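The data block below is entry04.txt; it holds compact mmCIF, C-alpha atoms and all ligand atoms.
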```
# COMPACT_ATOMS: atom_id res chain seq x y z
CA MET A 204 126.79 86.09 93.68
CA SER A 205 124.88 88.48 91.41
CA LYS A 206 126.95 91.05 89.53
CA ALA A 207 125.00 93.73 91.38
CA LEU A 208 126.15 92.59 94.83
CA GLU A 209 129.77 92.52 93.72
CA TRP A 210 129.56 96.11 92.39
CA ILE A 211 127.95 97.22 95.63
CA ARG A 212 130.78 95.63 97.62
CA LEU A 213 133.40 97.34 95.45
CA HIS A 214 131.54 100.65 95.61
CA HIS A 215 131.68 100.68 99.38
CA GLN A 216 135.33 99.66 99.32
CA TYR A 217 136.44 102.41 96.94
CA LEU A 218 133.97 105.28 96.99
CA ALA A 219 133.47 107.84 99.70
CA THR A 220 130.67 107.14 102.13
CA THR A 221 127.87 109.42 101.03
CA THR A 222 124.13 108.82 101.05
CA HIS A 223 123.80 105.17 100.00
CA ASP A 224 121.77 102.91 102.18
CA ARG A 225 123.13 99.45 101.44
CA GLU A 226 120.08 97.75 102.91
CA ASN A 227 117.30 99.63 101.17
CA LEU A 228 118.10 100.07 97.52
CA PRO A 229 120.55 97.55 96.05
CA LEU A 230 120.09 98.80 92.49
CA VAL A 231 123.18 98.84 90.25
CA ILE A 232 122.21 100.68 87.08
CA GLU A 233 123.79 99.81 83.77
CA ARG A 234 121.58 101.67 81.33
CA GLY A 235 118.25 103.40 80.89
CA GLU A 236 115.63 103.71 78.19
CA GLY A 237 112.66 106.07 78.51
CA VAL A 238 111.27 105.58 82.01
CA TRP A 239 112.96 102.18 82.43
CA LEU A 240 116.24 101.32 84.10
CA TYR A 241 118.22 98.11 83.54
CA ASP A 242 120.60 96.74 86.16
CA VAL A 243 123.89 94.93 85.61
CA ASP A 244 122.11 91.57 85.87
CA GLY A 245 119.68 92.51 83.10
CA ARG A 246 116.66 93.17 85.34
CA ARG A 247 114.25 95.91 84.25
CA TYR A 248 112.77 98.53 86.59
CA LEU A 249 110.15 101.23 86.17
CA ASP A 250 111.61 104.46 87.48
CA PHE A 251 109.54 106.58 89.86
CA SER A 252 112.57 108.49 91.13
CA SER A 253 113.90 110.38 88.08
CA SER A 254 117.30 109.98 89.80
CA ILE A 255 116.11 112.54 92.37
CA ALA A 256 114.30 114.81 89.91
CA VAL A 257 117.24 114.94 87.49
CA ASN A 258 116.10 112.65 84.66
CA SER A 259 112.77 114.38 84.13
CA LEU A 260 113.01 113.63 80.43
CA GLY A 261 113.82 109.96 80.96
CA TYR A 262 116.95 107.98 80.08
CA PRO A 263 119.50 108.55 78.72
CA SER A 264 117.61 111.80 78.06
CA HIS A 265 115.01 113.02 75.59
CA PRO A 266 116.12 111.98 72.05
CA GLU A 267 116.17 115.64 70.94
CA VAL A 268 118.41 116.55 73.87
CA VAL A 269 120.80 113.71 73.04
CA LYS A 270 120.89 114.84 69.39
CA THR A 271 121.55 118.46 70.40
CA ALA A 272 124.34 117.35 72.75
CA ILE A 273 126.06 115.24 70.10
CA GLU A 274 125.93 118.10 67.59
CA GLN A 275 127.39 120.51 70.14
CA ILE A 276 130.22 118.13 71.13
CA GLN A 277 131.25 118.13 67.49
CA LEU A 278 131.39 121.96 67.53
CA ILE A 279 132.81 122.70 70.97
CA ALA A 280 131.91 121.48 74.48
CA HIS A 281 133.88 123.82 76.72
CA ALA A 282 134.42 127.36 75.49
CA ALA A 283 136.19 128.96 78.47
CA GLY A 284 133.24 131.03 79.61
CA THR A 285 135.30 132.52 82.46
CA ASP A 286 137.58 134.66 80.28
CA PHE A 287 136.15 134.58 76.77
CA TYR A 288 132.62 134.76 75.42
CA ASN A 289 130.31 132.35 73.62
CA PRO A 290 126.79 132.55 72.22
CA TYR A 291 125.60 129.36 73.99
CA GLN A 292 125.78 130.81 77.51
CA VAL A 293 124.22 134.05 76.38
CA ARG A 294 121.30 132.23 74.72
CA LEU A 295 120.68 130.18 77.86
CA ALA A 296 120.87 133.24 80.11
CA ILE A 297 118.35 135.10 77.94
CA LYS A 298 116.05 132.06 77.97
CA LEU A 299 116.24 131.71 81.75
CA THR A 300 115.47 135.39 82.26
CA GLU A 301 112.44 135.04 79.98
CA GLU A 302 111.14 131.81 81.50
CA THR A 303 111.37 132.77 85.19
CA PRO A 304 108.77 134.82 87.08
CA GLY A 305 109.08 138.62 87.05
CA THR A 306 109.20 141.09 84.18
CA PHE A 307 112.06 143.15 85.61
CA PRO A 308 115.59 143.00 84.08
CA LYS A 309 117.44 139.89 85.28
CA LYS A 310 120.90 138.35 85.13
CA VAL A 311 122.08 134.77 85.44
CA PHE A 312 124.98 133.07 87.19
CA LEU A 313 125.69 129.66 85.64
CA ALA A 314 126.83 126.94 88.02
CA ASN A 315 127.48 123.19 88.08
CA SER A 316 124.98 122.02 90.69
CA GLY A 317 122.19 123.00 93.04
CA THR A 318 124.46 123.72 95.94
CA GLU A 319 126.66 125.95 93.80
CA ALA A 320 123.65 127.87 92.50
CA ASN A 321 122.66 128.49 96.12
CA GLU A 322 126.21 129.55 97.06
CA ALA A 323 125.96 132.13 94.29
CA ALA A 324 122.56 133.28 95.60
CA LEU A 325 124.05 133.68 99.09
CA LYS A 326 126.87 135.85 97.78
CA ILE A 327 124.58 137.92 95.54
CA ALA A 328 122.23 138.58 98.46
CA ARG A 329 125.00 139.51 100.87
CA THR A 330 126.80 141.73 98.39
CA SER A 331 123.76 143.58 97.11
CA THR A 332 122.07 144.20 100.45
CA ARG A 333 125.30 144.61 102.43
CA ARG A 334 123.56 142.63 105.15
CA PRO A 335 124.98 139.47 106.74
CA LEU A 336 122.07 137.31 107.93
CA PHE A 337 119.65 134.76 106.43
CA ILE A 338 116.52 132.90 107.35
CA SER A 339 115.87 129.36 106.16
CA PHE A 340 113.31 126.72 107.07
CA LEU A 341 113.49 123.61 109.23
CA GLY A 342 113.20 120.59 106.98
CA GLY A 343 114.73 122.54 104.09
CA PHE A 344 117.54 121.23 101.92
CA HIS A 345 119.76 123.59 99.95
CA GLY A 346 122.97 121.63 99.46
CA ARG A 347 126.05 120.43 101.29
CA THR A 348 128.87 122.87 100.51
CA PHE A 349 129.74 125.21 103.31
CA GLY A 350 127.39 128.10 102.66
CA SER A 351 124.40 126.08 101.55
CA LEU A 352 125.02 123.49 104.28
CA ALA A 353 124.27 126.26 106.74
CA LEU A 354 120.91 126.83 105.05
CA THR A 355 120.12 123.11 105.06
CA ALA A 356 118.17 121.79 108.05
CA SER A 357 116.56 118.54 106.98
CA LYS A 358 118.74 116.01 108.88
CA SER A 359 121.24 116.78 111.63
CA VAL A 360 123.69 114.16 110.32
CA GLN A 361 124.34 116.48 107.37
CA LYS A 362 126.23 118.81 109.70
CA LYS A 363 127.90 116.12 111.83
CA ARG A 364 131.50 117.10 112.70
CA GLN A 365 131.10 120.37 110.77
CA PHE A 366 130.34 122.68 113.66
CA PRO A 367 130.34 125.59 113.70
CA TRP A 368 128.72 125.95 110.30
CA MET A 369 128.65 129.28 108.42
CA PRO A 370 127.28 131.73 110.97
CA GLY A 371 124.31 133.98 110.36
CA VAL A 372 121.49 131.59 109.44
CA PHE A 373 118.34 131.39 111.58
CA TYR A 374 115.87 128.54 111.20
CA VAL A 375 112.11 128.86 111.22
CA PRO A 376 109.47 126.08 111.21
CA TYR A 377 108.18 125.39 107.70
CA PRO A 378 104.40 125.64 107.39
CA ASN A 379 103.91 121.87 107.19
CA PRO A 380 100.14 121.34 107.28
CA TYR A 381 100.48 117.77 108.61
CA ARG A 382 103.20 118.20 111.22
CA ASN A 383 104.08 121.49 112.83
CA PRO A 384 105.15 122.63 116.31
CA TRP A 385 101.70 124.11 117.00
CA HIS A 386 99.76 120.92 116.16
CA ILE A 387 97.56 122.92 113.81
CA ASP A 388 95.76 120.96 111.12
CA GLY A 389 97.06 123.09 108.27
CA TYR A 390 94.66 121.52 105.77
CA GLU A 391 91.68 122.61 107.87
CA GLN A 392 93.21 125.91 109.00
CA PRO A 393 95.81 127.00 106.43
CA GLY A 394 95.54 130.69 107.34
CA GLU A 395 96.19 129.96 110.99
CA LEU A 396 99.32 127.97 110.15
CA THR A 397 100.63 130.74 107.91
CA ASN A 398 100.04 133.32 110.65
CA ARG A 399 101.94 131.27 113.22
CA VAL A 400 105.03 131.01 111.02
CA ILE A 401 104.99 134.71 110.14
CA GLU A 402 104.46 135.54 113.81
CA PHE A 403 107.42 133.30 114.71
CA ILE A 404 109.70 135.27 112.40
CA GLU A 405 108.48 138.62 113.74
CA GLU A 406 108.22 137.72 117.42
CA TYR A 407 111.13 135.37 117.91
CA ILE A 408 113.67 136.22 115.23
CA PHE A 409 113.23 139.92 114.48
CA ASP A 410 112.17 140.98 117.97
CA LYS A 411 114.49 138.85 120.11
CA ILE A 412 117.49 137.66 118.08
CA ALA A 413 118.43 140.11 115.32
CA PRO A 414 116.69 143.14 113.83
CA PRO A 415 115.17 142.69 110.37
CA ASP A 416 117.51 145.20 108.72
CA GLU A 417 120.40 142.79 109.35
CA PHE A 418 118.80 140.13 107.11
CA ALA A 419 119.88 139.80 103.48
CA GLY A 420 117.50 137.04 102.39
CA ILE A 421 115.03 134.31 103.15
CA PHE A 422 115.83 131.00 101.45
CA PHE A 423 112.94 128.61 100.88
CA GLU A 424 111.77 125.68 98.83
CA PRO A 425 108.28 126.37 97.45
CA ILE A 426 107.54 122.72 98.24
CA GLN A 427 110.03 120.97 100.49
CA GLY A 428 111.75 118.06 98.73
CA GLU A 429 114.23 116.21 100.95
CA GLY A 430 112.15 117.37 103.92
CA GLY A 431 109.24 115.16 102.79
CA TYR A 432 107.43 116.64 99.77
CA VAL A 433 105.61 119.14 101.95
CA VAL A 434 103.13 121.51 100.26
CA PRO A 435 102.60 124.68 102.33
CA PRO A 436 99.31 126.63 102.59
CA LYS A 437 98.36 128.55 99.47
CA ASN A 438 98.71 131.99 101.06
CA PHE A 439 102.01 131.36 102.83
CA PHE A 440 104.42 132.89 100.35
CA GLU A 441 102.23 135.95 99.81
CA GLU A 442 102.44 136.67 103.54
CA LEU A 443 106.16 135.91 103.62
CA SER A 444 106.65 138.20 100.66
CA LYS A 445 104.81 141.07 102.42
CA LEU A 446 107.06 140.63 105.45
CA ALA A 447 110.22 140.48 103.35
CA LYS A 448 109.26 143.58 101.32
CA LYS A 449 108.49 145.53 104.46
CA HIS A 450 112.05 144.99 105.66
CA GLY A 451 113.95 145.03 102.34
CA ILE A 452 114.82 141.32 102.62
CA LEU A 453 115.32 139.29 99.43
CA LEU A 454 113.21 136.22 98.68
CA ILE A 455 115.37 133.38 97.43
CA ASP A 456 113.38 130.59 95.81
CA ASP A 457 115.24 127.27 95.61
CA GLU A 458 113.62 125.41 92.67
CA VAL A 459 116.44 122.88 92.38
CA GLN A 460 114.13 119.93 93.05
CA MET A 461 110.63 121.30 92.34
CA GLY A 462 111.34 123.51 89.35
CA LEU A 463 111.22 122.78 85.62
CA GLY A 464 107.80 121.26 85.30
CA ARG A 465 107.86 118.83 88.21
CA THR A 466 104.69 120.35 89.68
CA GLY A 467 102.93 120.92 86.36
CA ARG A 468 104.04 124.55 86.18
CA MET A 469 107.45 125.62 84.98
CA TRP A 470 108.31 126.77 88.53
CA ALA A 471 106.57 125.62 91.70
CA ILE A 472 106.41 129.17 93.02
CA GLU A 473 103.89 129.99 90.26
CA TYR A 474 101.27 128.23 92.41
CA PHE A 475 101.78 130.79 95.14
CA ASN A 476 101.46 134.12 93.27
CA ILE A 477 104.73 135.70 94.26
CA VAL A 478 107.83 136.71 92.37
CA PRO A 479 111.14 135.89 94.05
CA ASP A 480 114.17 138.18 93.80
CA ILE A 481 116.50 135.24 93.17
CA LEU A 482 115.55 131.82 91.80
CA THR A 483 117.92 128.85 91.77
CA THR A 484 117.65 125.79 89.55
CA ALA A 485 119.78 122.71 88.70
CA LYS A 486 118.95 118.95 88.61
CA ALA A 487 116.44 118.63 85.71
CA LEU A 488 118.07 121.52 83.82
CA SER A 489 120.82 119.04 82.97
CA GLY A 490 118.46 116.78 81.01
CA GLY A 491 120.25 114.04 82.98
CA LEU A 492 123.23 114.52 80.66
CA ILE A 493 125.63 117.12 81.98
CA PRO A 494 125.64 118.92 85.33
CA ILE A 495 124.40 122.50 85.34
CA GLY A 496 122.79 124.90 87.77
CA ALA A 497 121.81 128.55 87.69
CA ALA A 498 120.89 131.48 89.88
CA VAL A 499 118.55 133.93 88.12
CA TYR A 500 118.30 137.29 89.86
CA ARG A 501 117.20 140.89 89.57
CA ALA A 502 119.86 142.60 87.44
CA GLU A 503 120.24 145.37 90.01
CA LEU A 504 121.59 142.83 92.55
CA ASP A 505 124.59 141.93 90.38
CA PHE A 506 128.16 141.79 91.72
CA GLU A 507 129.90 145.15 91.70
CA LYS A 508 133.23 144.04 90.25
CA PRO A 509 134.74 141.29 88.09
CA GLY A 510 136.36 138.62 90.23
CA MET A 511 133.93 138.71 93.13
CA HIS A 512 132.44 135.39 92.01
CA SER A 513 133.11 132.92 89.19
CA ASN A 514 133.81 129.26 88.36
CA THR A 515 135.49 127.20 85.66
CA PHE A 516 132.85 124.89 84.27
CA GLY A 517 129.51 126.54 85.14
CA GLY A 518 127.13 126.29 82.18
CA ASN A 519 129.80 125.39 79.64
CA ALA A 520 128.79 125.37 76.00
CA LEU A 521 127.57 121.78 76.05
CA ALA A 522 125.58 122.19 79.25
CA ALA A 523 124.11 125.46 77.97
CA VAL A 524 122.70 124.02 74.74
CA VAL A 525 121.39 120.97 76.60
CA ALA A 526 119.62 123.22 79.11
CA LEU A 527 118.11 125.36 76.35
CA LYS A 528 116.60 122.28 74.76
CA VAL A 529 115.42 120.93 78.11
CA ILE A 530 113.50 124.13 78.87
CA ASP A 531 111.61 123.93 75.56
CA ILE A 532 110.73 120.27 76.00
CA VAL A 533 109.63 120.77 79.62
CA LYS A 534 107.34 123.60 78.48
CA SER A 535 105.65 121.30 75.99
CA LEU A 536 105.16 118.63 78.67
CA LEU A 537 103.32 120.80 81.22
CA PRO A 538 99.78 119.86 80.07
CA HIS A 539 100.74 116.16 80.20
CA VAL A 540 102.03 116.54 83.77
CA LEU A 541 98.79 118.22 84.83
CA GLU A 542 96.77 115.43 83.23
CA LEU A 543 98.67 112.80 85.19
CA GLU A 544 98.33 114.78 88.43
CA LYS A 545 94.72 113.66 88.76
CA LEU A 546 95.63 110.00 88.40
CA PHE A 547 98.26 110.25 91.14
CA ARG A 548 95.96 112.24 93.42
CA ASP A 549 93.04 109.82 93.05
CA GLU A 550 95.11 106.66 93.47
CA LEU A 551 97.13 107.90 96.43
CA ILE A 552 94.19 109.43 98.28
CA GLU A 553 92.40 106.12 97.90
CA LEU A 554 95.36 104.49 99.61
CA LYS A 555 95.10 106.96 102.46
CA ASP A 556 91.39 106.31 102.80
CA ARG A 557 92.02 102.56 103.04
CA PHE A 558 95.00 102.39 105.36
CA GLU A 559 95.32 104.02 108.76
CA ARG A 560 99.12 103.86 108.52
CA VAL A 561 99.16 106.04 105.43
CA GLY A 562 99.13 109.26 107.47
CA ASP A 563 99.30 111.87 104.74
CA VAL A 564 99.32 112.19 100.98
CA ARG A 565 100.33 115.46 99.34
CA GLY A 566 101.62 116.73 96.06
CA LEU A 567 101.16 118.54 92.78
CA GLY A 568 101.85 117.53 89.20
CA LEU A 569 104.27 114.62 89.31
CA ALA A 570 105.68 115.44 92.75
CA TRP A 571 103.96 113.25 95.34
CA GLY A 572 104.78 112.30 98.91
CA VAL A 573 103.17 109.55 101.00
CA GLU A 574 103.91 109.65 104.73
CA PHE A 575 103.74 106.44 106.79
CA VAL A 576 102.84 106.52 110.49
CA ARG A 577 102.30 103.98 113.28
CA ASP A 578 98.76 105.29 113.71
CA ARG A 579 96.74 108.34 112.69
CA ARG A 580 96.35 109.66 116.22
CA SER A 581 99.98 109.74 117.37
CA LYS A 582 101.34 110.38 113.84
CA GLU A 583 104.52 108.64 114.97
CA PRO A 584 106.69 108.21 111.85
CA ASP A 585 106.94 104.56 110.79
CA ILE A 586 110.39 104.44 109.28
CA GLU A 587 110.54 100.66 109.32
CA LEU A 588 107.32 100.36 107.31
CA ARG A 589 108.49 103.00 104.84
CA ASP A 590 111.77 101.15 104.29
CA ARG A 591 109.96 97.83 103.86
CA ILE A 592 107.81 99.39 101.15
CA LEU A 593 110.86 100.84 99.39
CA ARG A 594 112.54 97.41 99.37
CA GLY A 595 109.34 95.59 98.40
CA SER A 596 108.71 97.95 95.48
CA LEU A 597 112.25 97.55 94.20
CA SER A 598 111.97 93.77 94.33
CA LYS A 599 108.80 94.08 92.22
CA GLY A 600 110.57 96.30 89.69
CA LEU A 601 109.58 99.81 90.86
CA VAL A 602 112.25 102.35 91.81
CA LEU A 603 111.22 104.74 94.58
CA LEU A 604 113.05 107.03 96.98
CA GLY A 605 112.40 108.01 100.56
CA CYS A 606 112.51 111.53 101.96
CA GLY A 607 111.62 113.24 105.24
CA LYS A 608 111.50 110.77 108.11
CA SER A 609 108.99 108.22 106.89
CA VAL A 610 107.89 109.51 103.51
CA ILE A 611 108.11 107.96 100.05
CA ARG A 612 108.30 110.31 97.09
CA LEU A 613 106.76 109.35 93.78
CA ILE A 614 108.48 111.42 91.12
CA PRO A 615 108.52 109.65 87.76
CA PRO A 616 110.08 111.25 84.69
CA LEU A 617 107.69 113.82 83.22
CA VAL A 618 107.65 111.86 79.96
CA ILE A 619 105.97 108.86 81.58
CA SER A 620 102.88 107.60 79.73
CA GLU A 621 99.53 107.14 81.47
CA GLU A 622 99.89 103.38 81.01
CA GLU A 623 103.32 103.31 82.67
CA ALA A 624 102.12 105.59 85.47
CA LYS A 625 99.23 103.21 86.19
CA GLN A 626 101.62 100.26 86.13
CA GLY A 627 103.88 101.89 88.73
CA LEU A 628 101.00 103.03 90.92
CA ASN A 629 99.58 99.51 90.90
CA ILE A 630 102.87 98.01 92.07
CA PHE A 631 103.13 100.66 94.79
CA LYS A 632 99.57 100.08 96.01
CA GLN A 633 100.08 96.32 96.04
CA VAL A 634 103.32 96.59 98.04
CA VAL A 635 101.74 99.01 100.53
CA LYS A 636 98.85 96.60 101.02
CA GLU A 637 101.16 93.60 101.51
CA SER A 638 103.48 95.50 103.85
CA ILE A 639 100.71 96.80 106.08
CA THR A 640 98.46 93.76 106.34
C1 LIG B 701 115.94 121.90 96.92
C2 LIG B 701 117.37 121.52 96.71
N1 LIG B 701 118.31 122.47 96.72
C3 LIG B 701 119.61 122.18 96.52
C4 LIG B 701 120.03 120.89 96.32
C5 LIG B 701 121.47 120.59 96.12
O1 LIG B 701 121.71 120.25 94.80
P1 LIG B 701 123.05 119.47 94.39
O2 LIG B 701 122.97 118.11 94.96
O3 LIG B 701 123.05 119.51 92.89
O4 LIG B 701 124.18 120.25 94.97
C6 LIG B 701 119.08 119.86 96.30
C7 LIG B 701 119.49 118.46 96.11
O5 LIG B 701 118.79 117.52 96.40
C8 LIG B 701 117.72 120.18 96.52
O6 LIG B 701 116.77 119.23 96.52
```
Take the structure in the file and give it back as structure tokens.
Amino acid sequence: MSKALEWIRLHHQYLATTTHDRENLPLVIERGEGVWLYDVDGRRYLDFSSSIAVNSLGYPSHPEVVKTAIEQIQLIAHAAGTDFYNPYQVRLAIKLTEETPGTFPKKVFLANSGTEANEAALKIARTSTRRPLFISFLGGFHGRTFGSLALTASKSVQKKRQFPWMPGVFYVPYPNPYRNPWHIDGYEQPGELTNRVIEFIEEYIFDKIAPPDEFAGIFFEPIQGEGGYVVPPKNFFEELSKLAKKHGILLIDDEVQMGLGRTGRMWAIEYFNIVPDILTTAKALSGGLIPIGAAVYRAELDFEKPGMHSNTFGGNALAAVVALKVIDIVKSLLPHVLELEKLFRDELIELKDRFERVGDVRGLGLAWGVEFVRDRRSKEPDIELRDRILRGSLSKGLVLLGCGKSVIRLIPPLVISEEEAKQGLNIFKQVVKESIT
């Protein structure tokens, strides 16, 4: 038996059942180098997953980040940021306020993960507006702890045996150009799709369920991640922002998966010309080294009193200096990401042109989704085909992840070279061809 299979057996014996799919991705990682992963049997894989958008700077991380982390460990790693003060957290908070959209005064809550950043955003929104309700989008993913689980609506299994979830969240269809309840072709008629979603909020939520002045915030992903790498129409967030402003509702932009350069801009929302009131980030902020998350918000929304919200580890000294370095490196990589965008677009669109069962291709920067269907007319999701392609790619040395119902996401580390990107795209194209024909 390979070492990998034995570790997988032991994993399932001793670790909680979480998201692993034993069948699809039997990869047991021992180490990583740049954009390459090595398993416990010594096999080498090209990584097009970035460990779900965490290892944007490769493995184990960018050399400068590793150096910074080692230097900081020798000074101090945890400096009790709950009760005492340290310059590392302050420097990171200043940096995050400078690097996020909006010129107004901001403050930062430092957390340990995406879900915890969103929990903070929930509390900030409720406290500052003194309103109880939220809107979030079908297909959205915001985490799995109790508050953010209520905002999440990408797979019903996520809430299994957890009913009732936190009350006060109302779900609205996301403006998915390829698949939406109105069967609008959102690529041909983006304005129409935007109008339908805005109308839905006004007509169905505000008019029939709860008045707008009961809503604290609207949570959204600027591009849906777990929901299938869905890019909404260009004008959607401008219209949503007008609606929110009209009713004094906060816009809460979850950049946990799409932020920090993934789309070729620092934040994905920059493509949509709006400024959110609260922005949350995590995943890539860690440099793949040490968990960290953050909620960056208008200073005027801050908690009224000490003790209303806090945590032990959030943005400890080590995580803070790592994140500071990550932000600088990501900034320098943005032109590179935009250069590679064209390669991904051209290669993946070509795949769509060739194969009827490639239903949709969408993305920006190094955030790409390919949706597999039984046929173009019915658009019935082909989960079996998608899974076959995931397995086939892995067996040929390419690490990919699924999302949505029948989508594969292609999200390599931002540091990938053009040569490596072409290598991965070639494997993917070959496996798609073999799996379809
Ligand atoms: C958009 C988004 N928000 C929040 C989360 C939750 O982050 P975490 O798993 O760090 O709690 C995720 C995780 O995939 C995510 O993609």
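Residue nearest ligand LIG 701 (chain B), chosen from A:Gly462, A:Pro376, A:Pro229, A:Gly490 and counting all atoms listed in the file: A:Gly462.
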Do you know which residues are within 10 Å of ligand LIG 701 (chain B) using all atoms listed in the file? Can you write them as an mmCIF file with C-alpha atoms, keeping the file's coordinate frame?
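Listing of selection_38.cif after writing:
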```cif
data_model
loop_
_atom_site.group_PDB
_atom_site.id
_atom_site.type_symbol
_atom_site.label_atom_id
_atom_site.label_comp_id
_atom_site.auth_asym_id
_atom_site.auth_seq_id
_atom_site.Cartn_x
_atom_site.Cartn_y
_atom_site.Cartn_z
ATOM 1 C CA ILE A 255 116.110 112.540 92.370
ATOM 2 C CA ALA A 256 114.300 114.810 89.910
ATOM 3 C CA VAL A 257 117.240 114.940 87.490
ATOM 4 C CA ALA A 314 126.830 126.940 88.020
ATOM 5 C CA ASN A 315 127.480 123.190 88.080
ATOM 6 C CA SER A 316 124.980 122.020 90.690
ATOM 7 C CA GLY A 317 122.190 123.000 93.040
ATOM 8 C CA THR A 318 124.460 123.720 95.940
ATOM 9 C CA GLU A 319 126.660 125.950 93.800
ATOM 10 C CA ALA A 320 123.650 127.870 92.500
ATOM 11 C CA ASN A 321 122.660 128.490 96.120
ATOM 12 C CA GLU A 322 126.210 129.550 97.060
ATOM 13 C CA GLY A 343 114.730 122.540 104.090
ATOM 14 C CA PHE A 344 117.540 121.230 101.920
ATOM 15 C CA HIS A 345 119.760 123.590 99.950
ATOM 16 C CA GLY A 346 122.970 121.630 99.460
ATOM 17 C CA ARG A 347 126.050 120.430 101.290
ATOM 18 C CA THR A 348 128.870 122.870 100.510
ATOM 19 C CA SER A 351 124.400 126.080 101.550
ATOM 20 C CA LEU A 352 125.020 123.490 104.280
ATOM 21 C CA LEU A 354 120.910 126.830 105.050
ATOM 22 C CA THR A 355 120.120 123.110 105.060
ATOM 23 C CA PHE A 423 112.940 128.610 100.880
ATOM 24 C CA GLU A 424 111.770 125.680 98.830
ATOM 25 C CA PRO A 425 108.280 126.370 97.450
ATOM 26 C CA ILE A 426 107.540 122.720 98.240
ATOM 27 C CA GLN A 427 110.030 120.970 100.490
ATOM 28 C CA GLY A 428 111.750 118.060 98.730
ATOM 29 C CA GLU A 429 114.230 116.210 100.950
ATOM 30 C CA GLY A 430 112.150 117.370 103.920
ATOM 31 C CA ASP A 456 113.380 130.590 95.810
ATOM 32 C CA ASP A 457 115.240 127.270 95.610
ATOM 33 C CA GLU A 458 113.620 125.410 92.670
ATOM 34 C CA VAL A 459 116.440 122.880 92.380
ATOM 35 C CA GLN A 460 114.130 119.930 93.050
ATOM 36 C CA MET A 461 110.630 121.300 92.340
ATOM 37 C CA GLY A 462 111.340 123.510 89.350
ATOM 38 C CA THR A 483 117.920 128.850 91.770
ATOM 39 C CA THR A 484 117.650 125.790 89.550
ATOM 40 C CA ALA A 485 119.780 122.710 88.700
ATOM 41 C CA LYS A 486 118.950 118.950 88.610
ATOM 42 C CA ALA A 487 116.440 118.630 85.710
ATOM 43 C CA PRO A 494 125.640 118.920 85.330
ATOM 44 C CA ILE A 495 124.400 122.500 85.340
ATOM 45 C CA GLY A 496 122.790 124.900 87.770
#
```
Exercise for the section: Please provide as number ranges by chain all residues within 12 Å of Phe409 in chain A, with the sequence filter that same-chain residues fewer than 4 positions apart are discarded (counting all atoms listed in the file). Expected result: A: 336-338, 373, 375, 401-405, 413-418, 446-447, 450
Practice task
Pick out the residues sitting within 8 Å of Ile619 in chain A, and hand them over as a ChimeraX atom specification; count only C-alpha atoms, and ignore anything fewer than 6 positions along from it in its own chain.
Solution key: /A:237-238,261
Practice task
Work out how far CA of Pro435 in chain A is from CA of Tyr377 in chain A, in Å to one decimal.
Solution key: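 Interatomic distance here is 7.8 Å.
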Handout entry: range 282-296 of chain A surroundings by only C-alpha atoms, 9 Å radius, close-in-sequence under 5 positions cut, as a PyMOL selection string
Key = chain A and resi 301+310-313+497+499+513-524+526-527
Generate a file of the selected residues that holds C-alpha atoms, formatted as a short mmCIF file (atom, residue, chain, number, x, y, z; two decimals), in the coordinates of the input.
```cif
data_model
loop_
_atom_site.label_atom_id
_atom_site.label_comp_id
_atom_site.auth_asym_id
_atom_site.auth_seq_id
_atom_site.Cartn_x
_atom_site.Cartn_y
_atom_site.Cartn_z
CA GLU A 301 112.44 135.04 79.98
CA LYS A 310 120.90 138.35 85.13
CA VAL A 311 122.08 134.77 85.44
CA PHE A 312 124.98 133.07 87.19
CA LEU A 313 125.69 129.66 85.64
CA ALA A 497 121.81 128.55 87.69
CA VAL A 499 118.55 133.93 88.12
CA SER A 513 133.11 132.92 89.19
CA ASN A 514 133.81 129.26 88.36
CA THR A 515 135.49 127.20 85.66
CA PHE A 516 132.85 124.89 84.27
CA GLY A 517 129.51 126.54 85.14
CA GLY A 518 127.13 126.29 82.18
CA ASN A 519 129.80 125.39 79.64
CA ALA A 520 128.79 125.37 76.00
CA LEU A 521 127.57 121.78 76.05
CA ALA A 522 125.58 122.19 79.25
CA ALA A 523 124.11 125.46 77.97
CA VAL A 524 122.70 124.02 74.74
CA ALA A 526 119.62 123.22 79.11
CA LEU A 527 118.11 125.36 76.35
#
```
Exercise for the section: Quote the spacing between CA of Leu604 in chain A and CA of Arg577 in chain A in Å to one decimal place. Expected result: 19.8 Å
Problem - Pairwise distance for CA of Leu492 in chain A and CA of Pro263 in chain A, rounded to one decimal in Å - result: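 Computing it gives 7.3 Å between the two atoms.
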Handout entry: A:Lys625, A:Arg329, A:Lys411, A:Lys636 ranked by distance to Phe251 in chain A, top pick (using only C-alpha atoms)
Key =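 Once distances to Phe251 in chain A are computed over only C-alpha atoms, the minimum belongs to A:Lys625.
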Practice task
Name the residues in contact with Ser609 in chain A at a cut-off of 7 Å, using all atoms listed in the file, excluding same-chain residues fewer than 2 positions from it; report them as a ChimeraX atom specification.
Solution key: /A:574-575,584-586,589,606-607,611
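Proximity of A:Ala498, A:Leu628, A:Val634, A:Ile421 to Leu597 in chain A, computed with all atoms listed in the file, is greatest for A:Val634.
The closest residue to Lys545 in chain A, picked from A:Val561, A:Glu621, A:Glu583, A:Ser638 and counting only C-alpha atoms, is A:Glu621.
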Problem - From A:Tyr374, A:Phe439, A:Tyr241, A:Phe506, residue lying nearest Asn398 in chain A [only C-alpha atoms] - result: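 Among the listed residues, the smallest separation from Asn398 in chain A belongs to A:Phe439.
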